[in-house]
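Here is data-v1.txt, consisting of compact mmCIF, C-alpha atoms and all ligand atoms:
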```txt
# COMPACT_ATOMS: atom_id res chain seq x y z
CA MET A 104 0.00 0.00 0.00
CA LEU A 105 1.28 3.39 -1.01
CA ILE A 106 0.30 6.25 1.29
CA ILE A 107 1.15 9.67 -0.11
CA ALA A 108 1.28 12.75 2.10
CA ASN A 109 0.43 15.84 0.08
CA TRP A 110 1.44 18.70 2.34
CA LYS A 111 0.38 21.31 -0.25
CA MET A 112 1.70 24.78 0.75
CA ASN A 113 2.30 23.77 4.37
CA PRO A 114 3.84 24.15 6.89
CA GLN A 115 5.25 27.68 6.90
CA LEU A 116 8.46 27.17 8.85
CA PRO A 117 11.36 24.80 8.20
CA GLU A 118 11.38 23.73 11.86
CA GLU A 119 7.75 22.71 11.57
CA ALA A 120 8.49 20.82 8.37
CA ARG A 121 11.41 19.04 10.02
CA ASP A 122 9.32 18.07 12.99
CA LEU A 123 6.46 16.75 10.85
CA PHE A 124 8.85 14.78 8.66
CA GLN A 125 10.66 13.25 11.65
CA LYS A 126 7.40 12.12 13.21
CA THR A 127 6.14 10.72 9.92
CA LYS A 128 9.43 8.92 9.37
CA GLU A 129 9.26 7.43 12.84
CA ALA A 130 5.70 6.21 12.25
CA ALA A 131 6.76 4.73 8.91
CA SER A 132 9.81 2.97 10.34
CA SER A 133 7.79 -0.03 11.50
CA LEU A 134 5.90 -0.53 8.22
CA ALA A 135 6.11 -3.94 6.62
CA ASN A 136 3.40 -3.84 3.93
CA ALA A 137 2.96 -0.13 3.33
CA ARG A 138 5.17 2.71 2.20
CA ALA A 139 4.84 6.39 3.06
CA VAL A 140 5.76 9.06 0.53
CA VAL A 141 6.07 12.62 1.80
CA CYS A 142 5.50 15.37 -0.78
CA PRO A 143 6.55 18.63 0.89
CA PRO A 144 6.82 22.02 -0.80
CA TYR A 145 10.00 22.06 -2.95
CA VAL A 146 11.78 24.44 -0.58
CA PHE A 147 11.85 21.78 2.13
CA LEU A 148 13.01 18.94 -0.09
CA GLY A 149 16.68 19.63 0.61
CA LEU A 150 16.07 19.30 4.36
CA PHE A 151 15.01 15.70 3.97
CA VAL A 152 17.44 14.42 1.36
CA ARG A 153 19.49 12.46 3.84
CA GLU A 154 16.47 11.54 5.91
CA ALA A 155 14.40 9.65 3.36
CA THR A 156 14.20 5.88 3.71
CA HIS A 157 12.68 3.00 1.78
CA VAL A 158 9.50 3.22 3.87
CA CYS A 159 9.45 7.01 4.06
CA ALA A 160 10.27 8.18 0.56
CA LEU A 161 10.21 11.68 -0.90
CA GLY A 162 8.10 13.15 -3.64
CA VAL A 163 6.98 16.52 -5.00
CA GLN A 164 3.60 18.05 -5.78
CA ASN A 165 4.33 19.06 -9.37
CA VAL A 166 7.13 19.04 -11.96
CA SER A 167 7.83 20.97 -15.11
CA GLU A 168 7.00 19.42 -18.46
CA GLU A 169 10.42 20.63 -19.62
CA GLN A 170 13.81 19.17 -18.78
CA SER A 171 15.83 22.37 -18.40
CA GLY A 172 16.21 25.88 -19.73
CA ALA A 173 14.40 29.20 -19.61
CA HIS A 174 11.35 28.31 -17.52
CA THR A 175 11.35 30.77 -14.67
CA GLY A 176 9.92 29.34 -11.47
CA ASP A 177 9.72 25.78 -12.74
CA ILE A 178 11.46 22.73 -11.29
CA SER A 179 12.44 19.79 -13.43
CA ALA A 180 11.86 16.12 -12.67
CA GLY A 181 15.60 15.60 -13.12
CA GLN A 182 16.35 18.12 -10.38
CA VAL A 183 13.93 16.35 -8.07
CA ALA A 184 15.49 12.97 -8.84
CA ALA A 185 18.97 14.37 -8.22
CA LEU A 186 17.88 15.40 -4.72
CA GLY A 187 16.60 11.92 -3.99
CA GLY A 188 12.93 12.42 -4.82
CA GLN A 189 11.20 9.32 -6.14
CA TYR A 190 7.63 10.43 -6.81
CA ALA A 191 5.88 13.37 -8.45
CA ILE A 192 2.21 14.19 -8.13
CA VAL A 193 1.04 15.54 -11.50
CA GLY A 194 -2.30 16.99 -12.53
CA HIS A 195 -3.63 17.64 -9.03
CA SER A 196 -7.12 19.17 -9.24
CA GLU A 197 -5.86 22.35 -7.59
CA ARG A 198 -3.43 22.78 -10.49
CA ARG A 199 -5.94 21.71 -13.12
CA ALA A 200 -8.28 24.39 -11.70
CA ARG A 201 -5.66 26.93 -12.71
CA GLY A 202 -5.66 25.75 -16.27
CA GLU A 203 -3.39 22.69 -16.36
CA THR A 204 -4.66 20.60 -19.26
CA ASN A 205 -4.60 16.84 -19.78
CA GLU A 206 -1.96 17.45 -22.42
CA ALA A 207 0.29 19.30 -19.96
CA VAL A 208 -0.29 16.58 -17.37
CA ALA A 209 0.76 13.94 -19.91
CA GLN A 210 3.96 15.87 -20.63
CA LYS A 211 4.71 16.14 -16.93
CA ALA A 212 4.07 12.43 -16.40
CA ARG A 213 6.43 11.67 -19.26
CA ALA A 214 9.11 14.01 -17.91
CA ALA A 215 8.80 12.36 -14.49
CA LEU A 216 9.11 8.84 -15.91
CA GLU A 217 12.09 9.79 -18.03
CA ALA A 218 13.84 11.19 -14.95
CA GLY A 219 13.20 7.96 -13.07
CA LEU A 220 10.36 9.29 -10.89
CA THR A 221 7.00 7.63 -10.39
CA PRO A 222 4.32 10.06 -11.58
CA ILE A 223 1.14 9.99 -9.52
CA VAL A 224 -1.31 11.11 -12.14
CA CYS A 225 -4.40 12.69 -10.56
CA ILE A 226 -7.80 12.40 -12.14
CA GLY A 227 -11.28 13.13 -10.83
CA GLU A 228 -14.66 14.48 -11.81
CA HIS A 229 -16.25 17.72 -10.64
CA GLU A 230 -19.53 16.04 -9.86
CA ARG A 231 -20.95 12.56 -9.90
CA ASP A 232 -24.08 12.73 -12.00
CA GLU A 233 -26.74 10.01 -11.94
CA GLU A 234 -26.52 9.45 -15.68
CA GLY A 235 -22.88 8.44 -15.44
CA ALA A 236 -21.42 11.22 -17.62
CA TYR A 237 -18.59 11.41 -15.07
CA LEU A 238 -17.37 8.04 -16.28
CA SER A 239 -16.75 9.27 -19.80
CA PHE A 240 -15.12 12.38 -18.32
CA LEU A 241 -12.77 10.11 -16.35
CA ARG A 242 -12.07 7.96 -19.40
CA THR A 243 -10.96 11.03 -21.36
CA GLN A 244 -8.86 12.27 -18.44
CA ILE A 245 -7.12 8.91 -18.13
CA THR A 246 -6.36 8.41 -21.81
CA GLU A 247 -5.27 12.00 -22.40
CA SER A 248 -3.28 12.35 -19.18
CA LEU A 249 -1.36 9.12 -19.83
CA HIS A 250 -0.90 9.79 -23.51
CA GLY A 251 2.61 9.33 -24.86
CA MET A 252 4.11 7.60 -21.84
CA PRO A 253 7.22 5.75 -22.99
CA LYS A 254 6.23 2.11 -23.36
CA LYS A 255 9.06 0.68 -21.30
CA LEU A 256 8.43 3.03 -18.38
CA ARG A 257 4.64 2.96 -18.22
CA ALA A 258 4.48 0.30 -15.54
CA SER A 259 6.10 2.75 -13.09
CA ALA A 260 3.19 5.18 -13.15
CA ALA A 261 0.38 5.40 -10.60
CA ILE A 262 -3.08 6.92 -10.81
CA ALA A 263 -4.73 8.84 -7.98
CA TYR A 264 -8.47 9.06 -8.25
CA GLU A 265 -9.54 12.21 -6.43
CA PRO A 266 -13.13 13.26 -7.04
CA ILE A 267 -12.95 17.05 -6.82
CA TRP A 268 -16.09 17.30 -4.67
CA ALA A 269 -14.31 15.20 -2.03
CA VAL A 270 -11.01 17.11 -1.97
CA GLY A 271 -9.84 19.78 0.45
CA GLU A 272 -11.54 22.15 2.83
CA ASN A 273 -14.54 22.73 0.58
CA ALA A 274 -15.25 19.03 0.20
CA VAL A 275 -18.89 17.99 0.34
CA ARG A 276 -17.88 14.65 1.88
CA ALA A 277 -15.47 11.79 1.33
CA ASP A 278 -16.40 9.17 -1.23
CA THR A 279 -17.83 5.89 0.04
CA PRO A 280 -15.85 2.64 -0.31
CA GLU A 281 -18.75 1.16 -2.31
CA ASP A 282 -18.83 3.96 -4.89
CA LEU A 283 -15.04 4.06 -4.96
CA LEU A 284 -14.96 0.35 -5.76
CA GLU A 285 -17.14 0.93 -8.84
CA VAL A 286 -14.86 3.71 -10.04
CA SER A 287 -11.63 1.84 -9.33
CA ILE A 288 -12.95 -1.12 -11.35
CA PHE A 289 -13.86 1.30 -14.14
CA ILE A 290 -10.38 2.84 -14.11
CA ARG A 291 -8.78 -0.58 -14.38
CA LYS A 292 -11.14 -1.44 -17.23
CA VAL A 293 -10.05 1.69 -19.12
CA LEU A 294 -6.39 0.89 -18.43
CA THR A 295 -6.90 -2.66 -19.68
CA GLU A 296 -8.53 -1.44 -22.87
CA GLU A 297 -5.80 1.12 -23.45
CA TYR A 298 -2.70 -0.74 -22.39
CA GLY A 299 -3.62 -4.38 -21.80
CA ALA A 300 -4.29 -6.41 -18.67
CA ARG A 301 -0.68 -6.72 -17.56
CA LEU A 302 -0.08 -3.02 -17.42
CA ALA A 303 -3.50 -2.34 -15.88
CA GLU A 304 -2.45 -4.65 -13.07
CA ALA A 305 0.96 -3.01 -12.71
CA ILE A 306 -0.33 0.56 -12.39
CA PRO A 307 -1.71 1.08 -8.88
CA VAL A 308 -4.88 3.10 -8.41
CA LEU A 309 -4.95 5.25 -5.27
CA TYR A 310 -7.79 7.19 -3.69
CA GLY A 311 -7.68 10.76 -2.39
CA GLY A 312 -10.26 13.15 -0.99
CA SER A 313 -11.00 13.75 2.71
CA VAL A 314 -9.10 10.66 3.81
CA ASN A 315 -8.63 10.53 7.57
CA ALA A 316 -7.71 8.05 10.27
CA GLU A 317 -11.33 6.99 10.55
CA ASN A 318 -12.10 6.17 6.92
CA ALA A 319 -8.67 5.15 5.54
CA GLY A 320 -9.03 1.47 6.42
CA SER A 321 -12.43 1.13 4.76
CA PHE A 322 -11.18 2.69 1.51
CA LEU A 323 -8.23 0.33 1.44
CA SER A 324 -10.21 -2.78 2.33
CA GLY A 325 -13.34 -2.04 0.30
CA GLY A 326 -12.46 0.47 -2.40
CA GLY A 327 -10.32 -1.68 -4.68
CA VAL A 328 -7.39 0.72 -4.38
CA ARG A 329 -3.75 0.11 -3.50
CA GLY A 330 -3.06 3.31 -1.64
CA LEU A 331 -4.18 6.77 -0.60
CA LEU A 332 -3.33 10.38 -1.35
CA VAL A 333 -3.79 12.30 1.87
CA GLY A 334 -3.96 16.08 2.15
CA ARG A 335 -5.15 17.68 5.40
CA ALA A 336 -4.72 14.56 7.53
CA SER A 337 -1.05 14.29 6.51
CA LEU A 338 -0.30 17.54 8.38
CA ASP A 339 -1.24 15.93 11.68
CA ALA A 340 1.57 13.50 12.50
CA ASP A 341 -0.55 11.36 14.84
CA GLU A 342 -3.43 11.09 12.42
CA PHE A 343 -1.14 10.23 9.51
CA ALA A 344 0.59 7.64 11.71
CA ALA A 345 -2.80 6.03 12.36
CA ILE A 346 -3.48 5.91 8.60
CA LEU A 347 -0.11 4.27 8.01
CA LYS A 348 -0.82 1.72 10.71
CA ASP A 349 -4.14 0.79 9.13
CA ALA A 350 -2.57 0.55 5.69
CA ASP A 351 0.09 -1.77 7.00
CA THR A 352 -2.50 -4.32 8.03
CA MET A 353 -3.65 -4.67 4.39
CA HIS A 354 -2.01 -6.62 1.65
CA ALA A 355 -1.67 -4.83 -1.65
P1 LIG A 401 -7.63 16.26 1.39
O1 LIG A 401 -6.78 16.54 0.07
O2 LIG A 401 -7.17 14.95 1.96
O3 LIG A 401 -7.34 17.40 2.27
O4 LIG A 401 -9.07 16.22 0.95
C1 LIG A 401 -6.42 15.50 -0.77
C2 LIG A 401 -5.62 16.03 -1.93
O5 LIG A 401 -5.85 17.18 -2.34
O6 LIG A 401 -4.73 15.35 -2.45
```

structure tokens encoding of this file:
Amino acid sequence: MLIIANWKMNPQLPEEARDLFQKTKEAASSLANARAVVCPPYVFLGLFVREATHVCALGVQNVSEEQSGAHTGDISAGQVAALGGQYAIVGHSERRARGETNEAVAQKARAALEAGLTPIVCIGEHERDEEGAYLSFLRTQITESLHGMPKKLRASAAIAYEPIWAVGENAVRADTPEDLLEVSIFIRKVLTEEYGARLAEAIPVLYGGSVNAENAGSFLSGGGVRGLLVGRASLDADEFAAILKDADTMHA
């Protein structure tokens, strides 16, 4: 089970970041079946370079679609890899809301793979309509966001299903494990159709959106997913530790 901590633009001080990372690392140190991945703001990445372990790995919340050059303010996947990062969230709904397209997400996923990072490609609908239009929306997001991934590297990617209505402070509610199961089966069906059964099995599907210590176990046991992308609850070391503990009791 892969449990990703998406710290977003938190915390504000390096001491706070250090403290949160140390506590998370300590909680992760006893994991046997699960792996924690901490995605701090870039500015804190350097603080943790020597601290990352196999069970408490490092990732980032975004990467540039470009490899180098005149891209003011951007950070390349290669730079992240050189600092010991192993994962990159791409296409988070908060970035898509600012205009990041499926095409840009696909380029970022490709850049991440080529640099040796695992891209965590985020997808998710704005609303879940009764007629099921959200499923065709998700299908398009998946195929376009994964478009052009180098064949040999594809198996290293991961997908995070994060329904937008369930994400962040304005969330209506978390998804239910039952509804999540339907969607995770659908995502694997689309992956199978696009890339074949072997690859669909290799690419883990994660869930994100109002995950907390109370509901994490039920998503992992009943949602058909192999991990979680955790926002708010990852900023509370004790709560995130409880999520890790639950995840460790499951077999991926
Ligand atoms: P949340 O955020 O857990 O705070 O809902 C999840 C995410 O944005 O990845």

Check: Using all atoms listed in the file, which of A:Gln210, A:Ala130, A:Gly334, A:His157 sits nearest A:Cys142?
Finding: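 When distances to A:Cys142 are compared using all atoms listed in the file, the smallest one comes from A:Gly334.
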
Do you know which residues are within 6 Å of ligand LIG 401 (chain A) using all atoms listed in the file? Can you write them as a PyMOL selection string? chain A and resi 109+270-271+311-314+332-335

Output of the above residues as a PDB file, keeping the file's coordinate frame, restricted to C-alpha atoms:
```pdb
ATOM      1  CA  ASN A 109       0.430  15.840   0.080  1.00  0.00           C
ATOM      2  CA  VAL A 270     -11.010  17.110  -1.970  1.00  0.00           C
ATOM      3  CA  GLY A 271      -9.840  19.780   0.450  1.00  0.00           C
ATOM      4  CA  GLY A 311      -7.680  10.760  -2.390  1.00  0.00           C
ATOM      5  CA  GLY A 312     -10.260  13.150  -0.990  1.00  0.00           C
ATOM      6  CA  SER A 313     -11.000  13.750   2.710  1.00  0.00           C
ATOM      7  CA  VAL A 314      -9.100  10.660   3.810  1.00  0.00           C
ATOM      8  CA  LEU A 332      -3.330  10.380  -1.350  1.00  0.00           C
ATOM      9  CA  VAL A 333      -3.790  12.300   1.870  1.00  0.00           C
ATOM     10  CA  GLY A 334      -3.960  16.080   2.150  1.00  0.00           C
ATOM     11  CA  ARG A 335      -5.150  17.680   5.400  1.00  0.00           C
TER      12      ARG A 335
END
```

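Among A:Thr246, A:Gln189, A:Ser196, A:Ser337, the residue with the shortest atom-to-atom distance to A:Ile107, counting all atoms listed in the file, is A:Ser337.
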
A straight line from atom CA of A:Met104 to atom CA of A:Gly330 spans 4.8 Å

Judged by all atoms listed in the file, the minimum distance to A:Ala344 among A:His174, A:Lys128, A:Arg198, A:Arg213 is found for A:Lys128

- Query: Neighbours of A:Glu228 within 10 Å (all atoms listed in the file; same-chain residues fewer than 6 positions away dropped), as number ranges by chain?
  - Reply: A: 196, 236-241, 244, 264-269

Can you take the partial stretch 181-203 of chain A, add N, CA, C and O atoms, and return it as a PDB file, in the frame of the given file?
```
ATOM      1  N   GLY A 181      14.204  15.995 -13.310  1.00  0.00           N
ATOM      2  CA  GLY A 181      15.600  15.600 -13.120  1.00  0.00           C
ATOM      3  C   GLY A 181      16.196  16.219 -11.863  1.00  0.00           C
ATOM      4  O   GLY A 181      16.953  15.561 -11.136  1.00  0.00           O
ATOM      5  N   GLN A 182      15.845  17.457 -11.595  1.00  0.00           N
ATOM      6  CA  GLN A 182      16.350  18.120 -10.380  1.00  0.00           C
ATOM      7  C   GLN A 182      15.803  17.435  -9.130  1.00  0.00           C
ATOM      8  O   GLN A 182      16.510  17.262  -8.135  1.00  0.00           O
ATOM      9  N   VAL A 183      14.552  17.045  -9.206  1.00  0.00           N
ATOM     10  CA  VAL A 183      13.930  16.350  -8.070  1.00  0.00           C
ATOM     11  C   VAL A 183      14.614  15.000  -7.847  1.00  0.00           C
ATOM     12  O   VAL A 183      14.958  14.638  -6.715  1.00  0.00           O
ATOM     13  N   ALA A 184      14.843  14.285  -8.942  1.00  0.00           N
ATOM     14  CA  ALA A 184      15.490  12.970  -8.840  1.00  0.00           C
ATOM     15  C   ALA A 184      16.902  13.108  -8.270  1.00  0.00           C
ATOM     16  O   ALA A 184      17.340  12.307  -7.446  1.00  0.00           O
ATOM     17  N   ALA A 185      17.594  14.170  -8.687  1.00  0.00           N
ATOM     18  CA  ALA A 185      18.970  14.370  -8.220  1.00  0.00           C
ATOM     19  C   ALA A 185      19.023  14.632  -6.720  1.00  0.00           C
ATOM     20  O   ALA A 185      20.023  14.355  -6.067  1.00  0.00           O
ATOM     21  N   LEU A 186      17.931  15.150  -6.169  1.00  0.00           N
ATOM     22  CA  LEU A 186      17.880  15.400  -4.720  1.00  0.00           C
ATOM     23  C   LEU A 186      17.346  14.194  -3.954  1.00  0.00           C
ATOM     24  O   LEU A 186      17.129  14.257  -2.753  1.00  0.00           O
ATOM     25  N   GLY A 187      17.068  13.125  -4.672  1.00  0.00           N
ATOM     26  CA  GLY A 187      16.600  11.920  -3.990  1.00  0.00           C
ATOM     27  C   GLY A 187      15.103  11.730  -3.997  1.00  0.00           C
ATOM     28  O   GLY A 187      14.582  10.802  -3.381  1.00  0.00           O
ATOM     29  N   GLY A 188      14.380  12.610  -4.695  1.00  0.00           N
ATOM     30  CA  GLY A 188      12.930  12.420  -4.820  1.00  0.00           C
ATOM     31  C   GLY A 188      12.638  11.195  -5.674  1.00  0.00           C
ATOM     32  O   GLY A 188      13.395  10.868  -6.589  1.00  0.00           O
ATOM     33  N   GLN A 189      11.555  10.520  -5.364  1.00  0.00           N
ATOM     34  CA  GLN A 189      11.200   9.320  -6.140  1.00  0.00           C
ATOM     35  C   GLN A 189       9.824   9.402  -6.787  1.00  0.00           C
ATOM     36  O   GLN A 189       9.516   8.593  -7.658  1.00  0.00           O
ATOM     37  N   TYR A 190       9.009  10.341  -6.318  1.00  0.00           N
ATOM     38  CA  TYR A 190       7.630  10.430  -6.810  1.00  0.00           C
ATOM     39  C   TYR A 190       7.301  11.870  -7.198  1.00  0.00           C
ATOM     40  O   TYR A 190       7.871  12.807  -6.638  1.00  0.00           O
ATOM     41  N   ALA A 191       6.363  12.032  -8.116  1.00  0.00           N
ATOM     42  CA  ALA A 191       5.880  13.370  -8.450  1.00  0.00           C
ATOM     43  C   ALA A 191       4.369  13.304  -8.693  1.00  0.00           C
ATOM     44  O   ALA A 191       3.910  12.570  -9.572  1.00  0.00           O
ATOM     45  N   ILE A 192       3.640  14.045  -7.873  1.00  0.00           N
ATOM     46  CA  ILE A 192       2.210  14.190  -8.130  1.00  0.00           C
ATOM     47  C   ILE A 192       2.083  15.069  -9.379  1.00  0.00           C
ATOM     48  O   ILE A 192       2.768  16.098  -9.472  1.00  0.00           O
ATOM     49  N   VAL A 193       1.286  14.674 -10.332  1.00  0.00           N
ATOM     50  CA  VAL A 193       1.040  15.540 -11.500  1.00  0.00           C
ATOM     51  C   VAL A 193      -0.466  15.632 -11.747  1.00  0.00           C
ATOM     52  O   VAL A 193      -1.206  14.683 -11.515  1.00  0.00           O
ATOM     53  N   GLY A 194      -0.893  16.805 -12.178  1.00  0.00           N
ATOM     54  CA  GLY A 194      -2.300  16.990 -12.530  1.00  0.00           C
ATOM     55  C   GLY A 194      -3.237  17.046 -11.336  1.00  0.00           C
ATOM     56  O   GLY A 194      -4.424  16.690 -11.454  1.00  0.00           O
ATOM     57  N   HIS A 195      -2.735  17.495 -10.188  1.00  0.00           N
ATOM     58  CA  HIS A 195      -3.630  17.640  -9.030  1.00  0.00           C
ATOM     59  C   HIS A 195      -4.769  18.601  -9.399  1.00  0.00           C
ATOM     60  O   HIS A 195      -4.556  19.570 -10.134  1.00  0.00           O
ATOM     61  N   SER A 196      -5.953  18.358  -8.849  1.00  0.00           N
ATOM     62  CA  SER A 196      -7.120  19.170  -9.240  1.00  0.00           C
ATOM     63  C   SER A 196      -6.910  20.658  -8.936  1.00  0.00           C
ATOM     64  O   SER A 196      -7.458  21.516  -9.628  1.00  0.00           O
ATOM     65  N   GLU A 197      -6.101  20.939  -7.901  1.00  0.00           N
ATOM     66  CA  GLU A 197      -5.860  22.350  -7.590  1.00  0.00           C
ATOM     67  C   GLU A 197      -4.998  23.019  -8.662  1.00  0.00           C
ATOM     68  O   GLU A 197      -5.047  24.230  -8.844  1.00  0.00           O
ATOM     69  N   ARG A 198      -4.213  22.245  -9.362  1.00  0.00           N
ATOM     70  CA  ARG A 198      -3.430  22.780 -10.490  1.00  0.00           C
ATOM     71  C   ARG A 198      -4.273  22.784 -11.765  1.00  0.00           C
ATOM     72  O   ARG A 198      -4.204  23.701 -12.571  1.00  0.00           O
ATOM     73  N   ARG A 199      -5.061  21.736 -11.938  1.00  0.00           N
ATOM     74  CA  ARG A 199      -5.940  21.710 -13.120  1.00  0.00           C
ATOM     75  C   ARG A 199      -6.896  22.891 -13.070  1.00  0.00           C
ATOM     76  O   ARG A 199      -7.235  23.472 -14.101  1.00  0.00           O
ATOM     77  N   ALA A 200      -7.343  23.261 -11.850  1.00  0.00           N
ATOM     78  CA  ALA A 200      -8.280  24.390 -11.700  1.00  0.00           C
ATOM     79  C   ALA A 200      -7.667  25.690 -12.193  1.00  0.00           C
ATOM     80  O   ALA A 200      -8.370  26.641 -12.512  1.00  0.00           O
ATOM     81  N   ARG A 201      -6.329  25.721 -12.220  1.00  0.00           N
ATOM     82  CA  ARG A 201      -5.660  26.930 -12.710  1.00  0.00           C
ATOM     83  C   ARG A 201      -5.279  26.811 -14.172  1.00  0.00           C
ATOM     84  O   ARG A 201      -4.413  27.538 -14.659  1.00  0.00           O
ATOM     85  N   GLY A 202      -5.832  25.817 -14.825  1.00  0.00           N
ATOM     86  CA  GLY A 202      -5.660  25.750 -16.270  1.00  0.00           C
ATOM     87  C   GLY A 202      -4.739  24.641 -16.770  1.00  0.00           C
ATOM     88  O   GLY A 202      -4.459  24.580 -17.970  1.00  0.00           O
ATOM     89  N   GLU A 203      -4.251  23.783 -15.885  1.00  0.00           N
ATOM     90  CA  GLU A 203      -3.390  22.690 -16.360  1.00  0.00           C
ATOM     91  C   GLU A 203      -4.238  21.686 -17.147  1.00  0.00           C
ATOM     92  O   GLU A 203      -5.218  21.160 -16.619  1.00  0.00           O
TER      93      GLU A 203
END
```
